[in-house]
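What follows is the content of data_30.cif (mmCIF, C-alpha atoms and all ligand atoms).
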```
data_my_file
#
loop_
_atom_site.group_PDB
_atom_site.id
_atom_site.type_symbol
_atom_site.label_atom_id
_atom_site.label_comp_id
_atom_site.auth_asym_id
_atom_site.auth_seq_id
_atom_site.Cartn_x
_atom_site.Cartn_y
_atom_site.Cartn_z
ATOM 1 C CA MET P 159 5.405 -26.206 5.388
ATOM 2 C CA ARG P 160 4.239 -23.493 3.075
ATOM 3 C CA TYR P 161 3.231 -20.317 4.736
ATOM 4 C CA TYR P 162 -0.013 -18.814 3.544
ATOM 5 C CA MET P 163 0.342 -15.964 1.091
ATOM 6 C CA ASN P 164 -1.848 -13.279 2.580
ATOM 7 C CA PRO P 165 -1.220 -11.637 5.927
ATOM 8 C CA ASP P 166 -3.881 -12.458 8.495
ATOM 9 C CA TYR P 167 -4.452 -8.988 9.941
ATOM 10 C CA GLN P 168 -7.510 -10.018 11.889
ATOM 11 C CA ARG P 169 -5.573 -12.629 13.817
ATOM 12 C CA ALA P 170 -2.719 -10.178 14.469
ATOM 13 C CA LYS P 171 -5.198 -7.701 15.912
ATOM 14 C CA SER P 172 -7.091 -10.193 18.050
ATOM 15 C CA GLU P 173 -3.890 -11.647 19.522
ATOM 16 C CA ALA P 174 -2.742 -8.129 20.440
ATOM 17 C CA TYR P 175 -6.119 -7.382 22.040
ATOM 18 C CA CYS P 176 -5.962 -10.669 23.966
ATOM 19 C CA LEU P 177 -2.675 -9.631 25.531
ATOM 20 C CA LEU P 178 -3.995 -6.196 26.480
ATOM 21 C CA GLN P 179 -6.967 -7.824 28.119
ATOM 22 C CA GLU P 180 -4.924 -10.508 29.845
ATOM 23 C CA PHE P 181 -2.712 -7.877 31.446
ATOM 24 C CA GLY P 182 -5.530 -5.424 32.156
ATOM 25 C CA LEU P 183 -4.040 -2.661 29.995
ATOM 26 C CA GLU P 184 -6.746 -0.080 29.433
ATOM 27 C CA LYS P 185 -4.955 3.186 28.863
ATOM 28 C CA PRO P 186 -1.818 4.439 27.179
ATOM 29 C CA PRO P 187 1.060 4.005 27.224
ATOM 30 C CA VAL P 188 1.401 0.284 26.589
ATOM 31 C CA ASN P 189 4.931 -0.767 27.512
ATOM 32 C CA PRO P 190 6.016 -3.780 25.420
ATOM 33 C CA MET P 191 9.062 -4.298 27.683
ATOM 34 C CA ASP P 192 6.703 -4.984 30.593
ATOM 35 C CA ILE P 193 4.624 -7.327 28.483
ATOM 36 C CA ALA P 194 7.738 -9.223 27.372
ATOM 37 C CA LYS P 195 8.823 -9.553 30.988
ATOM 38 C CA ARG P 196 5.444 -10.824 32.084
ATOM 39 C CA LEU P 197 5.485 -13.386 29.279
ATOM 40 C CA GLY P 198 8.966 -14.507 30.306
ATOM 41 C CA VAL P 199 10.551 -13.246 27.083
ATOM 42 C CA ALA P 200 14.054 -11.811 27.512
ATOM 43 C CA VAL P 201 14.873 -8.512 25.794
ATOM 44 C CA SER P 202 18.500 -7.860 25.000
ATOM 45 C CA PHE P 203 19.883 -4.567 23.670
ATOM 46 C CA VAL P 204 22.899 -5.321 21.536
ATOM 47 C CA GLU P 205 25.289 -3.714 19.119
ATOM 48 C CA PHE P 206 24.925 -5.339 15.694
ATOM 49 C CA GLU P 207 27.827 -5.798 13.315
ATOM 50 C CA LYS P 208 28.207 -3.007 10.782
ATOM 51 C CA LYS P 209 26.684 -4.970 7.915
ATOM 52 C CA LEU P 210 23.629 -5.721 10.055
ATOM 53 C CA ASN P 211 23.233 -2.223 11.387
ATOM 54 C CA SER P 212 20.153 -1.500 9.282
ATOM 55 C CA ILE P 213 18.376 -4.235 11.282
ATOM 56 C CA SER P 214 16.095 -3.042 14.083
ATOM 57 C CA GLY P 215 15.942 -6.348 15.870
ATOM 58 C CA PHE P 216 15.021 -9.979 15.672
ATOM 59 C CA TYR P 217 13.476 -12.712 17.738
ATOM 60 C CA ASP P 218 15.313 -15.929 18.570
ATOM 61 C CA PHE P 219 12.716 -18.676 19.047
ATOM 62 C CA GLU P 220 15.150 -21.092 20.677
ATOM 63 C CA GLU P 221 16.371 -18.627 23.253
ATOM 64 C CA ASP P 222 12.951 -16.962 23.592
ATOM 65 C CA THR P 223 14.806 -13.671 23.374
ATOM 66 C CA ILE P 224 14.182 -10.427 21.528
ATOM 67 C CA PHE P 225 17.369 -8.751 20.341
ATOM 68 C CA VAL P 226 17.119 -5.005 19.793
ATOM 69 C CA ASN P 227 19.579 -2.751 18.004
ATOM 70 C CA MET P 228 20.910 -0.541 20.796
ATOM 71 C CA ASN P 229 21.828 2.214 18.345
ATOM 72 C CA GLU P 230 18.290 3.007 17.312
ATOM 73 C CA TYR P 231 16.295 5.696 19.006
ATOM 74 C CA PRO P 232 14.004 4.672 21.886
ATOM 75 C CA LEU P 233 10.635 5.017 20.135
ATOM 76 C CA ARG P 234 11.903 2.833 17.315
ATOM 77 C CA GLN P 235 13.114 0.267 19.858
ATOM 78 C CA THR P 236 9.686 0.219 21.512
ATOM 79 C CA PHE P 237 8.037 -0.544 18.186
ATOM 80 C CA THR P 238 10.657 -3.212 17.441
ATOM 81 C CA ILE P 239 9.986 -4.984 20.745
ATOM 82 C CA ALA P 240 6.246 -5.002 20.007
ATOM 83 C CA HIS P 241 6.911 -6.247 16.456
ATOM 84 C CA GLU P 242 9.151 -9.084 17.691
ATOM 85 C CA LEU P 243 6.563 -10.046 20.317
ATOM 86 C CA GLY P 244 4.235 -10.380 17.343
ATOM 87 C CA HIS P 245 6.553 -12.947 15.756
ATOM 88 C CA ARG P 246 6.771 -14.787 19.050
ATOM 89 C CA ILE P 247 3.021 -15.010 19.439
ATOM 90 C CA LEU P 248 1.927 -15.375 15.823
ATOM 91 C CA HIS P 249 4.723 -17.408 14.276
ATOM 92 C CA ALA P 250 5.970 -19.868 16.881
ATOM 93 C CA GLU P 251 4.197 -22.721 15.133
ATOM 94 C CA TRP P 252 5.741 -21.780 11.824
ATOM 95 C CA ALA P 253 9.190 -21.702 13.439
ATOM 96 C CA ARG P 254 8.736 -25.183 14.863
ATOM 97 C CA SER P 255 7.174 -26.810 11.824
ATOM 98 C CA SER P 256 9.444 -25.583 9.039
ATOM 99 C CA ASP P 257 13.081 -26.429 8.599
ATOM 100 C CA TYR P 258 13.726 -23.083 10.172
ATOM 101 C CA LYS P 259 17.258 -22.993 11.552
ATOM 102 C CA VAL P 260 18.595 -19.493 11.339
ATOM 103 C CA LEU P 261 17.478 -16.566 13.387
ATOM 104 C CA MET P 262 14.738 -14.527 11.902
ATOM 105 C CA ARG P 263 16.398 -11.404 10.638
ATOM 106 C CA GLU P 264 14.647 -8.242 9.751
ATOM 107 C CA ASP P 265 14.765 -7.137 6.176
ATOM 108 C CA THR P 266 12.935 -3.947 5.330
ATOM 109 C CA ALA P 267 12.643 -4.925 1.659
ATOM 110 C CA THR P 268 10.784 -8.142 2.373
ATOM 111 C CA ASN P 269 7.170 -8.707 1.442
ATOM 112 C CA ASP P 270 6.946 -11.698 3.721
ATOM 113 C CA PRO P 271 3.380 -11.787 5.111
ATOM 114 C CA LYS P 272 4.849 -12.531 8.545
ATOM 115 C CA GLU P 273 6.436 -9.075 8.586
ATOM 116 C CA ALA P 274 3.119 -7.410 7.748
ATOM 117 C CA GLU P 275 1.439 -9.415 10.514
ATOM 118 C CA ALA P 276 4.087 -8.518 13.092
ATOM 119 C CA ASN P 277 3.662 -4.835 12.164
ATOM 120 C CA ALA P 278 -0.117 -5.055 12.479
ATOM 121 C CA PHE P 279 0.281 -6.789 15.832
ATOM 122 C CA ALA P 280 2.624 -4.023 17.071
ATOM 123 C CA ALA P 281 0.314 -1.249 15.847
ATOM 124 C CA ASN P 282 -2.724 -2.766 17.566
ATOM 125 C CA LEU P 283 -0.794 -3.502 20.751
ATOM 126 C CA LEU P 284 0.766 -0.045 21.155
ATOM 127 C CA VAL P 285 -2.074 2.048 19.741
ATOM 128 C CA PRO P 286 -5.271 0.021 20.003
ATOM 129 C CA ARG P 287 -8.336 1.638 18.525
ATOM 130 C CA PHE P 288 -10.286 1.505 21.797
ATOM 131 C CA MET P 289 -7.619 3.713 23.412
ATOM 132 C CA LEU P 290 -7.197 5.968 20.400
ATOM 133 C CA ASP P 291 -10.971 6.600 20.287
ATOM 134 C CA LYS P 292 -10.757 8.614 23.502
ATOM 135 C CA TYR P 293 -7.969 10.948 22.466
ATOM 136 C CA TRP P 294 -7.431 11.296 18.760
ATOM 137 C CA GLN P 295 -9.793 14.203 18.131
ATOM 138 C CA GLY P 296 -8.688 16.266 21.125
ATOM 139 C CA LEU P 297 -4.925 16.004 20.793
ATOM 140 C CA SER P 298 -2.334 16.778 18.128
ATOM 141 C CA ALA P 299 -0.222 14.028 16.566
ATOM 142 C CA SER P 300 2.770 15.055 18.665
ATOM 143 C CA GLN P 301 0.713 15.057 21.879
ATOM 144 C CA LEU P 302 -0.597 11.612 20.955
ATOM 145 C CA SER P 303 2.963 10.512 20.251
ATOM 146 C CA GLU P 304 3.924 11.513 23.804
ATOM 147 C CA LEU P 305 0.858 9.925 25.335
ATOM 148 C CA PHE P 306 1.220 6.583 23.559
ATOM 149 C CA VAL P 307 5.046 6.700 23.516
ATOM 150 C CA VAL P 308 5.261 5.860 19.835
ATOM 151 C CA SER P 309 6.618 7.953 16.966
ATOM 152 C CA VAL P 310 4.530 10.586 15.189
ATOM 153 C CA PRO P 311 4.492 8.534 11.937
ATOM 154 C CA VAL P 312 3.077 5.536 13.845
ATOM 155 C CA ILE P 313 0.324 7.750 15.315
ATOM 156 C CA LYS P 314 -0.470 9.234 11.903
ATOM 157 C CA ASN P 315 -0.644 5.768 10.329
ATOM 158 C CA ARG P 316 -2.985 4.552 13.028
ATOM 159 C CA ILE P 317 -5.319 7.558 12.684
ATOM 160 C CA SER P 318 -5.371 7.282 8.934
ATOM 161 C CA PHE P 319 -5.988 3.523 9.102
ATOM 162 C CA GLU P 320 -8.741 3.637 11.744
ATOM 163 C CA TYR P 321 -10.562 6.845 10.850
ATOM 164 C CA GLY P 322 -9.400 7.663 7.329
ATOM 165 C CA ALA P 323 -8.355 11.098 8.609
HETATM 166 ZN ZN ZN P 401 9.852 -8.980 11.684
#
```
Would you write out, as structure tokens, the structure that this file holds?
Amino acid sequence: MRYYMNPDYQRAKSEAYCLLQEFGLEKPPVNPMDIAKRLGVAVSFVEFEKKLNSISGFYDFEEDTIFVNMNEYPLRQTFTIAHELGHRILHAEWARSSDYKVLMREDTATNDPKEAEANAFAANLLVPRFMLDKYWQGLSASQLSELFVVSVPVIKNRISFEYGA
């Protein structure tokens, strides 16, 4: 099956919002570990081989398990878990229908639309606009980073994307 060429950001966002609603998550921080647990997805922190050490994580569809690089710093791991949940929710059909055999590995240089969708899913799950609306004008980026438990660059990206500020 050929995957469509353009990322479907709208779908990524609405699937993230669905999860937040399903689990009654109304204020920060959103903990993707909890969400994974409640969905029955295992999260495993592992040491990758040296040549794979630039990889943040990957999702194994057959095992329904997210593997996270244990050597990355916690905020990065949080984002990775949210990103891999995105693959699980958005791309399960793709994984089943293609001749997909190998584990999905992360490659930062890729322009695979699935990567862009998983990132959009993670951004909307961890820092949804309806939560950001309440705080972004009153708090600094580092305060927001603490409140949402995501990195300062993620907060800055979200503010710039949602408000153009
Ligand atoms: Zn990915």
Could you make a table, as CSV, of the residues of chain P that have an atom within 7 Å of an atom of ligand ZN 401 (chain P), each with its nearest atom pair and distance in Å to one decimal, counting only C-alpha atoms and all ligand atoms, in chain and number order?
```
residue,atom,partner,partner_atom,distance
P:Phe216,CA,P:ZN401,ZN,6.6
P:His241,CA,P:ZN401,ZN,6.2
P:Glu242,CA,P:ZN401,ZN,6.0
P:His245,CA,P:ZN401,ZN,6.6
P:Glu264,CA,P:ZN401,ZN,5.2
P:Lys272,CA,P:ZN401,ZN,6.9
P:Glu273,CA,P:ZN401,ZN,4.6
P:Ala276,CA,P:ZN401,ZN,6.0
```
For this session: For the structure provided, state which residues fall under the PyMOL selection byres (((chain P and resi 173-188) around 12) and not hetatm), and present them as JSON, numbers by chain.
Result: {"P": [166, 167, 168, 169, 170, 171, 172, 189, 190, 191, 192, 193, 194, 195, 196, 197, 233, 236, 237, 239, 240, 241, 243, 244, 245, 246, 247, 248, 249, 275, 276, 277, 278, 279, 280, 281, 282, 283, 284, 285, 286, 287, 288, 289, 290, 291, 292, 293, 302, 303, 304, 305, 306, 307, 308]}
Output the selection as a tab-separated table (two decimals), keeping the file's coordinate frame - C-alpha atoms for each residue.
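Okay, result12.tsv is ready:
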```tsv
chain	number	residue	atom	x	y	z
P	166	ASP	CA	-3.88	-12.46	8.49
P	167	TYR	CA	-4.45	-8.99	9.94
P	168	GLN	CA	-7.51	-10.02	11.89
P	169	ARG	CA	-5.57	-12.63	13.82
P	170	ALA	CA	-2.72	-10.18	14.47
P	171	LYS	CA	-5.20	-7.70	15.91
P	172	SER	CA	-7.09	-10.19	18.05
P	189	ASN	CA	4.93	-0.77	27.51
P	190	PRO	CA	6.02	-3.78	25.42
P	191	MET	CA	9.06	-4.30	27.68
P	192	ASP	CA	6.70	-4.98	30.59
P	193	ILE	CA	4.62	-7.33	28.48
P	194	ALA	CA	7.74	-9.22	27.37
P	195	LYS	CA	8.82	-9.55	30.99
P	196	ARG	CA	5.44	-10.82	32.08
P	197	LEU	CA	5.48	-13.39	29.28
P	233	LEU	CA	10.64	5.02	20.14
P	236	THR	CA	9.69	0.22	21.51
P	237	PHE	CA	8.04	-0.54	18.19
P	239	ILE	CA	9.99	-4.98	20.74
P	240	ALA	CA	6.25	-5.00	20.01
P	241	HIS	CA	6.91	-6.25	16.46
P	243	LEU	CA	6.56	-10.05	20.32
P	244	GLY	CA	4.24	-10.38	17.34
P	245	HIS	CA	6.55	-12.95	15.76
P	246	ARG	CA	6.77	-14.79	19.05
P	247	ILE	CA	3.02	-15.01	19.44
P	248	LEU	CA	1.93	-15.38	15.82
P	249	HIS	CA	4.72	-17.41	14.28
P	275	GLU	CA	1.44	-9.41	10.51
P	276	ALA	CA	4.09	-8.52	13.09
P	277	ASN	CA	3.66	-4.84	12.16
P	278	ALA	CA	-0.12	-5.06	12.48
P	279	PHE	CA	0.28	-6.79	15.83
P	280	ALA	CA	2.62	-4.02	17.07
P	281	ALA	CA	0.31	-1.25	15.85
P	282	ASN	CA	-2.72	-2.77	17.57
P	283	LEU	CA	-0.79	-3.50	20.75
P	284	LEU	CA	0.77	-0.04	21.16
P	285	VAL	CA	-2.07	2.05	19.74
P	286	PRO	CA	-5.27	0.02	20.00
P	287	ARG	CA	-8.34	1.64	18.52
P	288	PHE	CA	-10.29	1.50	21.80
P	289	MET	CA	-7.62	3.71	23.41
P	290	LEU	CA	-7.20	5.97	20.40
P	291	ASP	CA	-10.97	6.60	20.29
P	292	LYS	CA	-10.76	8.61	23.50
P	293	TYR	CA	-7.97	10.95	22.47
P	302	LEU	CA	-0.60	11.61	20.96
P	303	SER	CA	2.96	10.51	20.25
P	304	GLU	CA	3.92	11.51	23.80
P	305	LEU	CA	0.86	9.93	25.34
P	306	PHE	CA	1.22	6.58	23.56
P	307	VAL	CA	5.05	6.70	23.52
P	308	VAL	CA	5.26	5.86	19.84
```
For this session: For CA of Gly296 in chain P and CA of Arg234 in chain P, determine how far apart the two atoms are, in Å to one decimal place.
Result: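 Rounded to one decimal, the two atoms are 24.9 Å apart.
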Problem set entry | Matched chain/residue IDs from the PyMOL selection byres (((chain P and resi 321-323) around 12) and not hetatm), as a PyMOL selection string | chain P and resi 287+290-291+294-295+299+313-320
Just to be explicit: take each residue in the selection above, keep C-alpha atoms, and write the result as a PDB file, keeping the file's coordinate frame.
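Below is the file that was written, result.pdb:
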```
ATOM      1  CA  ARG P 287      -8.336   1.638  18.525  1.00  0.00           C
ATOM      2  CA  LEU P 290      -7.197   5.968  20.400  1.00  0.00           C
ATOM      3  CA  ASP P 291     -10.971   6.600  20.287  1.00  0.00           C
ATOM      4  CA  TRP P 294      -7.431  11.296  18.760  1.00  0.00           C
ATOM      5  CA  GLN P 295      -9.793  14.203  18.131  1.00  0.00           C
ATOM      6  CA  ALA P 299      -0.222  14.028  16.566  1.00  0.00           C
ATOM      7  CA  ILE P 313       0.324   7.750  15.315  1.00  0.00           C
ATOM      8  CA  LYS P 314      -0.470   9.234  11.903  1.00  0.00           C
ATOM      9  CA  ASN P 315      -0.644   5.768  10.329  1.00  0.00           C
ATOM     10  CA  ARG P 316      -2.985   4.552  13.028  1.00  0.00           C
ATOM     11  CA  ILE P 317      -5.319   7.558  12.684  1.00  0.00           C
ATOM     12  CA  SER P 318      -5.371   7.282   8.934  1.00  0.00           C
ATOM     13  CA  PHE P 319      -5.988   3.523   9.102  1.00  0.00           C
ATOM     14  CA  GLU P 320      -8.741   3.637  11.744  1.00  0.00           C
TER      15      GLU P 320
END
```
For this session: Let me know the residues the PyMOL selection byres (((chain P and resi 230) around 12) and not hetatm) catches in the file above, as an MDAnalysis selection string.
Result: chainID P and resid 203:206 211:215 226:229 231:238
Problem set entry | Given all atoms listed in the file as the counted atoms, nearest of P:Ser309, P:Ser298, P:Glu207, P:Phe219 to Ala250 in chain P |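 Of the candidates, the smallest distance to Ala250 in chain P is held by P:Phe219.
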Problem set entry | Closest of P:Leu210, P:Gly198, P:Trp252, P:Val310 to Thr223 in chain P - atom-to-atom distances counting only C-alpha atoms | P:Gly198
Exercise. Any idea what the distance is between CA of Asp222 in chain P and CA of Lys209 in chain P?
Worked result: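 Going from CA of Asp222 in chain P over to CA of Lys209 in chain P covers 24.0 Å.
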Seminar exercise, completed: Between CA of Tyr217 in chain P and CA of Arg254 in chain P lies a distance of 13.6 Å
Exercise. Using all atoms listed in the file, which residue out of P:Lys208, P:Ser300, P:Ser202, P:Ala253 lies closest to Glu220 in chain P?
Worked result: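 Closest candidate: P:Ala253.
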May I have the centre and edge lengths, in Å to one decimal, of an axis-aligned box around the listed atoms of range 163-175 of chain P with 3 Å added to every side, as AutoDock Vina command-line options?
```
--center_x -3.6 --center_y -11.7 --center_z 11.6 --size_x 13.9 --size_y 14.6 --size_z 26.9
```
